[in-house]
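Source file: entry_7.cif; contents: mmCIF, C-alpha atoms and all ligand atoms.
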data_coords
loop_
_atom_site.label_atom_id
_atom_site.label_comp_id
_atom_site.auth_asym_id
_atom_site.auth_seq_id
_atom_site.Cartn_x
_atom_site.Cartn_y
_atom_site.Cartn_z
CA MET A 99 17.49 7.51 55.74
CA GLU A 100 18.47 4.46 57.74
CA GLU A 101 19.25 4.84 61.38
CA ARG A 102 22.67 3.25 61.12
CA GLU A 103 23.69 5.86 58.58
CA ILE A 104 22.84 8.60 61.03
CA SER A 105 24.61 6.95 63.92
CA GLY A 106 27.91 6.42 62.04
CA LYS A 107 30.82 8.02 63.89
CA ILE A 108 32.06 9.73 60.76
CA LYS A 109 29.55 10.99 58.23
CA VAL A 110 30.33 11.71 54.60
CA MET A 111 28.19 12.61 51.57
CA PHE A 112 28.42 10.32 48.57
CA TYR A 113 27.52 12.02 45.29
CA THR A 114 26.17 9.31 43.03
CA GLY A 115 23.04 8.47 41.08
CA ASN A 116 23.69 4.74 41.32
CA LYS A 117 21.85 3.00 44.16
CA ASN A 118 23.67 -0.32 43.73
CA LYS A 119 27.01 1.37 44.05
CA PHE A 120 25.77 3.29 47.06
CA ARG A 121 24.64 0.09 48.76
CA GLU A 122 27.98 -1.64 48.25
CA VAL A 123 29.95 1.34 49.52
CA ARG A 124 27.62 1.81 52.50
CA GLU A 125 28.07 -1.82 53.62
CA ILE A 126 31.86 -1.60 53.51
CA LEU A 127 32.17 1.80 55.17
CA TRP A 128 29.85 0.69 57.92
CA GLU A 129 32.46 -1.89 58.99
CA TYR A 130 34.75 1.07 59.73
CA GLY A 131 32.16 3.16 61.56
CA VAL A 132 31.70 5.52 58.64
CA GLY A 133 28.15 6.48 57.67
CA ILE A 134 27.22 7.91 54.27
CA GLU A 135 24.35 9.88 52.85
CA MET A 136 23.41 9.63 49.21
CA ARG A 137 23.50 12.91 47.32
CA THR A 138 22.62 13.08 43.68
CA GLY A 139 24.01 15.88 41.59
CA LYS A 140 27.30 14.36 40.51
CA PRO A 141 28.27 16.85 37.77
CA ALA A 142 27.39 15.86 34.20
CA GLU A 143 29.66 13.07 33.01
CA VAL A 144 33.01 14.53 31.99
CA GLN A 145 34.22 12.99 28.75
CA SER A 146 37.68 11.51 29.19
CA GLU A 147 39.54 8.23 28.77
CA ASP A 148 41.05 8.88 32.18
CA ILE A 149 38.90 8.00 35.18
CA THR A 150 41.14 9.91 37.60
CA TYR A 151 40.68 13.05 35.50
CA ILE A 152 36.89 12.57 35.57
CA VAL A 153 36.92 12.23 39.35
CA LYS A 154 39.22 15.25 39.85
CA THR A 155 36.99 17.39 37.65
CA CYS A 156 33.85 16.32 39.53
CA VAL A 157 35.46 17.11 42.88
CA GLU A 158 36.55 20.55 41.66
CA VAL A 159 32.96 21.38 40.70
CA LEU A 160 31.37 19.92 43.83
CA ARG A 161 33.82 21.57 46.23
CA LYS A 162 32.59 24.95 45.05
CA ARG A 163 29.02 24.00 45.91
CA ASN A 164 29.56 22.13 49.12
CA ARG A 165 32.40 22.18 51.62
CA GLY A 166 32.02 18.46 52.35
CA PRO A 167 33.10 16.05 53.64
CA GLY A 168 32.05 14.37 50.41
CA PHE A 169 33.25 11.99 47.74
CA VAL A 170 32.56 10.73 44.24
CA GLU A 171 33.44 7.39 42.74
CA ASP A 172 33.95 6.52 39.10
CA THR A 173 34.43 3.03 37.71
CA GLY A 174 35.46 1.72 34.31
CA LEU A 175 35.58 -1.72 32.75
CA PHE A 176 38.54 -2.28 30.44
CA ILE A 177 38.41 -5.28 28.10
CA GLU A 178 41.87 -6.18 26.83
CA SER A 179 40.98 -7.57 23.40
CA LEU A 180 38.83 -4.47 22.72
CA ASN A 181 41.74 -2.13 23.51
CA GLY A 182 40.22 -1.11 26.83
CA PHE A 183 36.66 -0.57 25.57
CA PRO A 184 34.22 0.36 27.13
CA GLY A 185 36.50 1.90 29.82
CA PRO A 186 34.87 5.02 31.30
CA TYR A 187 31.95 4.63 28.91
CA ALA A 188 30.78 1.44 30.63
CA SER A 189 27.46 2.91 31.65
CA TYR A 190 26.67 4.28 28.17
CA VAL A 191 27.62 1.00 26.48
CA TYR A 192 25.55 -0.97 28.98
CA GLU A 193 22.51 1.17 28.21
CA LYS A 194 23.00 1.00 24.44
CA ILE A 195 24.01 -2.60 23.72
CA GLY A 196 23.64 -4.36 27.07
CA LEU A 197 25.47 -7.47 28.22
CA GLU A 198 24.41 -9.47 25.18
CA GLY A 199 25.91 -6.79 22.95
CA VAL A 200 29.22 -6.93 24.78
CA LEU A 201 29.26 -10.75 24.65
CA LYS A 202 28.57 -10.54 20.92
CA LEU A 203 31.63 -8.33 20.45
CA LEU A 204 33.67 -11.04 22.15
CA ARG A 205 32.16 -13.99 20.31
CA GLY A 206 34.96 -16.36 19.24
CA VAL A 207 37.57 -14.21 21.00
CA LYS A 208 39.97 -16.29 23.12
CA ASN A 209 41.44 -13.47 25.18
CA ARG A 210 38.68 -12.58 27.62
CA ARG A 211 40.87 -10.68 30.08
CA ALA A 212 39.35 -7.55 31.55
CA MET A 213 39.85 -5.17 34.44
CA PHE A 214 37.60 -3.06 36.63
CA ARG A 215 39.12 0.16 37.97
CA THR A 216 37.54 2.38 40.61
CA ILE A 217 38.72 5.83 41.59
CA ILE A 218 37.36 7.65 44.63
CA GLY A 219 37.86 11.39 45.08
CA TYR A 220 37.28 12.88 48.54
CA TRP A 221 37.28 16.46 49.80
CA ASP A 222 36.48 18.38 52.96
CA ASN A 223 37.05 21.91 54.21
CA LYS A 224 40.76 21.19 54.79
CA THR A 225 41.49 18.50 52.21
CA LYS A 226 41.31 19.76 48.61
CA LEU A 227 41.37 16.35 46.99
CA LYS A 228 42.41 12.88 48.05
CA ILE A 229 42.36 10.02 45.55
CA PHE A 230 41.97 6.30 46.27
CA LYS A 231 42.24 3.56 43.68
CA GLY A 232 41.10 -0.06 43.43
CA GLU A 233 41.58 -2.51 40.58
CA ILE A 234 40.74 -6.10 39.90
CA LYS A 235 41.65 -8.32 36.99
CA GLY A 236 39.31 -10.95 35.69
CA LEU A 237 37.69 -12.58 32.69
CA ILE A 238 34.52 -11.88 30.71
CA SER A 239 32.32 -14.97 30.86
CA LYS A 240 30.90 -16.55 27.71
CA LYS A 241 27.33 -16.24 28.95
CA VAL A 242 25.33 -14.11 31.34
CA ARG A 243 25.63 -15.85 34.73
CA GLY A 244 23.80 -14.87 37.90
CA LYS A 245 22.10 -11.64 38.85
CA GLY A 246 23.70 -8.50 40.20
CA TRP A 247 23.76 -5.16 38.42
CA GLY A 248 25.69 -3.68 35.50
CA TYR A 249 28.41 -6.05 34.29
CA ASP A 250 28.25 -8.26 37.41
CA PRO A 251 26.77 -11.25 35.51
CA VAL A 252 29.66 -11.36 33.00
CA PHE A 253 32.70 -10.53 35.14
CA ILE A 254 34.66 -13.38 36.76
CA PRO A 255 37.29 -12.03 39.16
CA LEU A 256 40.69 -13.72 38.86
CA GLY A 257 41.00 -16.72 41.18
CA PHE A 258 37.26 -17.41 41.19
CA ASP A 259 35.06 -19.57 39.01
CA LYS A 260 31.94 -17.50 39.48
CA THR A 261 30.86 -14.12 38.24
CA TYR A 262 30.22 -11.18 40.56
CA GLY A 263 26.59 -11.85 39.69
CA GLU A 264 26.81 -15.30 41.27
CA MET A 265 28.26 -13.90 44.50
CA LYS A 266 26.45 -12.56 47.54
CA LEU A 267 26.98 -8.88 48.22
CA ALA A 268 29.27 -9.65 51.18
CA GLU A 269 31.39 -11.92 48.99
CA LYS A 270 31.71 -9.34 46.22
CA ASN A 271 32.58 -6.77 48.86
CA MET A 272 35.49 -8.93 50.05
CA VAL A 273 37.23 -8.87 46.68
CA SER A 274 35.88 -6.22 44.35
CA HIS A 275 37.61 -3.29 42.63
CA ARG A 276 35.29 -0.97 44.53
CA SER A 277 35.95 -2.57 47.91
CA LYS A 278 39.72 -2.14 47.46
CA ALA A 279 39.33 1.59 46.87
CA VAL A 280 36.70 1.97 49.59
CA ARG A 281 38.80 0.13 52.20
CA LEU A 282 41.82 2.35 51.51
CA PHE A 283 39.53 5.36 51.82
CA ALA A 284 38.01 4.08 55.08
CA GLU A 285 41.38 3.33 56.66
CA TRP A 286 42.56 6.83 55.78
CA LEU A 287 39.38 8.43 57.15
CA VAL A 288 39.64 6.53 60.43
CA LYS A 289 43.33 7.49 60.83
CA LYS A 290 42.51 11.10 60.05
CA LYS A 291 39.74 11.11 62.64
CA GLN A 292 42.07 9.62 65.26
CA GLY A 293 44.65 12.30 64.50
CA ASN A 294 42.13 15.09 65.17
P1 LIG B 301 27.50 7.62 39.21
O1 LIG B 301 28.45 8.17 38.17
O2 LIG B 301 26.28 8.45 39.43
O3 LIG B 301 28.21 7.29 40.51
P2 LIG B 301 27.27 5.43 37.28
O4 LIG B 301 26.39 4.26 37.21
O5 LIG B 301 27.27 6.39 36.13
O6 LIG B 301 26.95 6.21 38.66
P3 LIG B 301 30.10 4.80 36.83
O7 LIG B 301 30.24 5.77 35.73
O8 LIG B 301 31.16 4.80 37.89
O9 LIG B 301 28.72 4.93 37.60
O10 LIG B 301 30.02 3.32 36.31
C1 LIG B 301 29.83 3.02 34.99
C2 LIG B 301 29.12 1.72 34.80
O11 LIG B 301 30.02 0.64 35.01
C3 LIG B 301 27.96 1.43 35.71
O12 LIG B 301 26.78 2.09 35.32
C4 LIG B 301 27.84 -0.08 35.56
O13 LIG B 301 27.18 -0.44 34.37
C5 LIG B 301 29.31 -0.48 35.46
N1 LIG B 301 29.83 -0.86 36.77
C6 LIG B 301 30.54 -0.11 37.64
N2 LIG B 301 30.84 -0.81 38.75
C7 LIG B 301 30.30 -2.02 38.58
C8 LIG B 301 30.23 -3.18 39.38
O14 LIG B 301 30.75 -3.24 40.59
N3 LIG B 301 29.59 -4.23 38.89
C9 LIG B 301 29.02 -4.21 37.68
N4 LIG B 301 29.02 -3.17 36.86
C10 LIG B 301 29.66 -2.07 37.31
#
Please, can you express the file's structure as structure tokens?
Ligand code: ITT
Amino acid sequence: MEEREISGKIKVMFYTGNKNKFREVREILWEYGVGIEMRTGKPAEVQSEDITYIVKTCVEVLRKRNRGPGFVEDTGLFIESLNGFPGPYASYVYEKIGLEGVLKLLRGVKNRRAMFRTIIGYWDNKTKLKIFKGEIKGLISKKVRGKGWGYDPVFIPLGFDKTYGEMKLAEKNMVSHRSKAVRLFAEWLVKKKQGN
């Protein structure tokens, strides 16, 4: 564990198996003096079209095991011309057909609009469930561009001409779907702490 995680003024457990996600969230929360520890054991993926429902169900299960403070985060990618596919199944689709597979589905398609949505669900011994949401609209590029993880090399956030994969972490963290949800979460946590 890194020292700065330990020395954070507020410490929360983040239940995720995704190291990239963890890193992004850690960088943002650090700006607010919030330290996180990675905990695996997010309950088995709940099957639903609704990300908020997935998050609520995970929190219900985890709360029974651990009194917190803890949180989970679930993200979906919704491609307009594919009626919102892959949505909450983004991870499964990525594993099965990869970025090239997704680009193939969109070959010759003019409407490349897409949206990333992140939902965070937090709990502690007093708070049953608190939800935070972040969304960003964008376009699916025609080719894989840049590095990054997951769909980063094919997602161009609205107002930019580069993909997330062509951005530095700090730059992505200024605009991303995840950062919007995480910043709302952080502001709430800090206020809550001040009120105690
Ligand atoms: P946990 O559920 O353990 O947190 P996960 O990888 O399964 O990790 P999600 O279900 O929230 O996470 O995300 C589904 C997939 O969506 C993820 O595996 C990536 O392929 C993609 N994804 C999510 N956020 C992304 C981002 O910021 N950039 C690129 N791809 C992203």
For ligand LIG 301 (chain B), the nearest of the candidates A:Gly206, A:Gly236, A:Gly263, A:Gly219, counting all atoms listed in the file: A:Gly263
Selection within 7 Å of ligand LIG 301 (chain B) by all atoms listed in the file, output as a PyMOL selection string: chain A and resi 113-116+119+140+170-175+186-189+192+247-250+276
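With only C-alpha atoms as the atoms that count, the minimum distance from Lys241 of chain A to the choices A:Glu264, A:Glu198, A:Glu135, A:Asp222 is reached by A:Glu198.
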Atom pair atom CA of His275 of chain A / atom CA of Asn164 of chain A: separation (Å): 27.4 Å
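If you measure from each of A:Trp286, A:Gly293, A:Lys235, A:Asn271 to Ile126 of chain A using all atoms listed in the file, the closest one turns out to be A:Asn271.
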Which neighbours of Leu160 of chain A fall inside 10 Å, counting all atoms listed in the file, when residues of the same chain fewer than 2 positions from it are skipped, and could you give them as a JSON list (two decimals) with C-alpha atoms, keeping the file's coordinate frame?
[["chain", "number", "residue", "atom", "x", "y", "z"],
["A", 113, "TYR", "CA", 27.52, 12.02, 45.29],
["A", 139, "GLY", "CA", 24.01, 15.88, 41.59],
["A", 140, "LYS", "CA", 27.30, 14.36, 40.51],
["A", 141, "PRO", "CA", 28.27, 16.85, 37.77],
["A", 154, "LYS", "CA", 39.22, 15.25, 39.85],
["A", 155, "THR", "CA", 36.99, 17.39, 37.65],
["A", 156, "CYS", "CA", 33.85, 16.32, 39.53],
["A", 157, "VAL", "CA", 35.46, 17.11, 42.88],
["A", 158, "GLU", "CA", 36.55, 20.55, 41.66],
["A", 162, "LYS", "CA", 32.59, 24.95, 45.05],
["A", 163, "ARG", "CA", 29.02, 24.00, 45.91],
["A", 164, "ASN", "CA", 29.56, 22.13, 49.12],
["A", 165, "ARG", "CA", 32.40, 22.18, 51.62],
["A", 166, "GLY", "CA", 32.02, 18.46, 52.35],
["A", 168, "GLY", "CA", 32.05, 14.37, 50.41],
["A", 169, "PHE", "CA", 33.25, 11.99, 47.74],
["A", 170, "VAL", "CA", 32.56, 10.73, 44.24],
["A", 221, "TRP", "CA", 37.28, 16.46, 49.80]]
For atom CA of Ile134 of chain A and atom CA of Lys270 of chain A, the interatomic separation in Å (one decimal): 19.6 Å
